[in-house]
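Peer 1: Before anything else, here's the structure in question.
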Amino acid sequence: MPRRVDDITFVPPASSHQQEFETPLASAVYGLDFHFKFTVVWRLDLATGLRHNSPRSAAIHHVLQRAKEISSKAMLIHHAALQVQLGDELATERQVPGTHVWARAEQVKITVGDEDLEMARKHVELLRNSTFKLAERDVERAEIRYLRDEVLTDVGTATIWWLQRNGYQVAEAVKLADHLAELVKLAQREPATNWAESLVSSVERAMPELGDAHRQDLRLHLVKALSVYGGARVAAEFADQVGLPAGEQRNNGHV
């Protein structure tokens, strides 16, 4: 009886390996790292026809790349949630591109040193305060623009604005006419603003549809451009004048 092809086809035996590994893992803040410990599990699929000279290194490197894609967007204070997410994501076995290696991770553990965690909390607080200050400055700028461009344009408009906010006390408005006229003159003088604020104002006027949520992104793009073409000193001065957090200056402007 002739033998079937299936009977003589060689099927490589399953080959599975595992090893513990630990290393620092980058967070969203440069210089503050998670401590990443896991067991990498890999197997070799010889039927693919592909090969790699160091399957162990390929497996570990692949798992680390997958982990870094997630961790690099996370803050240290979120280490507990990150451990759960990495444990879920890395449990899925994936083929290392261009090789016969398939890898996944088990027993994922993320820890953070007490000193680093305290620094991370301070960093978050700094970002929070900077964000609030930037928002306050935006409100102040908007109010100043409103008063200068729409209210204190002439004595008549300024008088009507005052009447609306003071119960239409006409007699009092007449008494204040000279003062309102003086305010109009002062408001229409060319403001002696810093060049950085003038640059931001000019760009924002060119894009009136720009939403509040994108105003900080605009400042970050400007500080990066200034860093490239004007150098670190110019970029740092701009960032300081427009209220960018120190960390945002370095990360986006390379200051």
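Letters A, B, ... go to the chains of the structure tokens in the order shown; residues in each chain start at 1; ligands are counted from 1 in the same order.
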Quick one: everything within 10 Å of Asp154 (chain A), counting only C-alpha atoms, minus sequence neighbours fewer than 5 positions away in the same chain. Send it as a ChimeraX atom specification.
Peer 2: /A:148-149,159,180-181,183-185,187-188
Peer 1: Near Val112 (chain A), counting only C-alpha atoms, which residues have an atom at most 8 Å away, once you skip same-chain residues fewer than 2 positions from it, shown as a PDB file with N, CA and C atoms, in the first residue's frame?
Peer 2:
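So the final result, stored in result12.pdb, reads:
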```
ATOM      1  N   ASP A  33      11.123  56.676  35.313  1.00  0.00           N
ATOM      2  CA  ASP A  33      10.828  55.383  34.705  1.00  0.00           C
ATOM      3  C   ASP A  33      10.072  54.464  35.649  1.00  0.00           C
ATOM      4  N   PHE A  34       9.271  53.597  35.054  1.00  0.00           N
ATOM      5  CA  PHE A  34       8.680  52.488  35.797  1.00  0.00           C
ATOM      6  C   PHE A  34       9.735  51.392  35.929  1.00  0.00           C
ATOM      7  N   HIS A  35       9.556  50.495  36.903  1.00  0.00           N
ATOM      8  CA  HIS A  35      10.378  49.283  36.958  1.00  0.00           C
ATOM      9  C   HIS A  35       9.505  48.143  36.466  1.00  0.00           C
ATOM     10  N   LEU A  76       3.709  58.198  36.089  1.00  0.00           N
ATOM     11  CA  LEU A  76       4.095  57.268  37.150  1.00  0.00           C
ATOM     12  C   LEU A  76       2.987  57.048  38.175  1.00  0.00           C
ATOM     13  N   HIS A  79       0.700  53.882  37.852  1.00  0.00           N
ATOM     14  CA  HIS A  79       1.421  52.616  37.699  1.00  0.00           C
ATOM     15  C   HIS A  79       0.538  51.394  37.920  1.00  0.00           C
ATOM     16  N   ILE A 110       4.617  45.981  37.600  1.00  0.00           N
ATOM     17  CA  ILE A 110       5.128  47.351  37.475  1.00  0.00           C
ATOM     18  C   ILE A 110       5.276  47.943  38.870  1.00  0.00           C
ATOM     19  N   ASP A 114       9.759  55.125  45.647  1.00  0.00           N
ATOM     20  CA  ASP A 114       9.086  56.174  46.422  1.00  0.00           C
ATOM     21  C   ASP A 114       9.564  57.568  46.018  1.00  0.00           C
ATOM     22  N   ASP A 116      10.901  58.538  43.121  1.00  0.00           N
ATOM     23  CA  ASP A 116      10.404  58.865  41.782  1.00  0.00           C
ATOM     24  C   ASP A 116       8.912  59.183  41.814  1.00  0.00           C
ATOM     25  N   LEU A 117       8.174  58.456  42.640  1.00  0.00           N
ATOM     26  CA  LEU A 117       6.736  58.689  42.727  1.00  0.00           C
ATOM     27  C   LEU A 117       6.446  60.074  43.294  1.00  0.00           C
TER      28      LEU A 117
END
```
Peer 1: Running DSSP on the backbone, which parts of region 9-244 of chain A land in strand (DSSP E), as a PyMOL selection string?
Peer 2: chain A and resi 16-26+33-44+94-95+101-111
Peer 1: Provide the CA of Val124 (chain A) to CA of Ala67 (chain A) distance in Å, to one decimal place.
Peer 2: 22.5 Å
Peer 1: Please return as a PyMOL selection string: the residues of region 90-199 of chain A that backbone DSSP assigns to helix (DSSP H, G or I).
Peer 2: chain A and resi 114-151+155-165+170-175+177-187+195-199
Peer 1: If you count only C-alpha atoms, which residues fall within 10 Å of Glu106 (chain A), apart from same-chain ones fewer than 5 positions away, as a list of chain:residue names?
Peer 2: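 My list of contacting residues is A:Gln18, A:Gln19, A:Glu20, A:Lys37, A:Phe38, A:Thr39, A:Val40, A:Val41, A:Leu86, A:Gly87, A:Asp88, A:Leu90, A:Ala91, A:Thr92.
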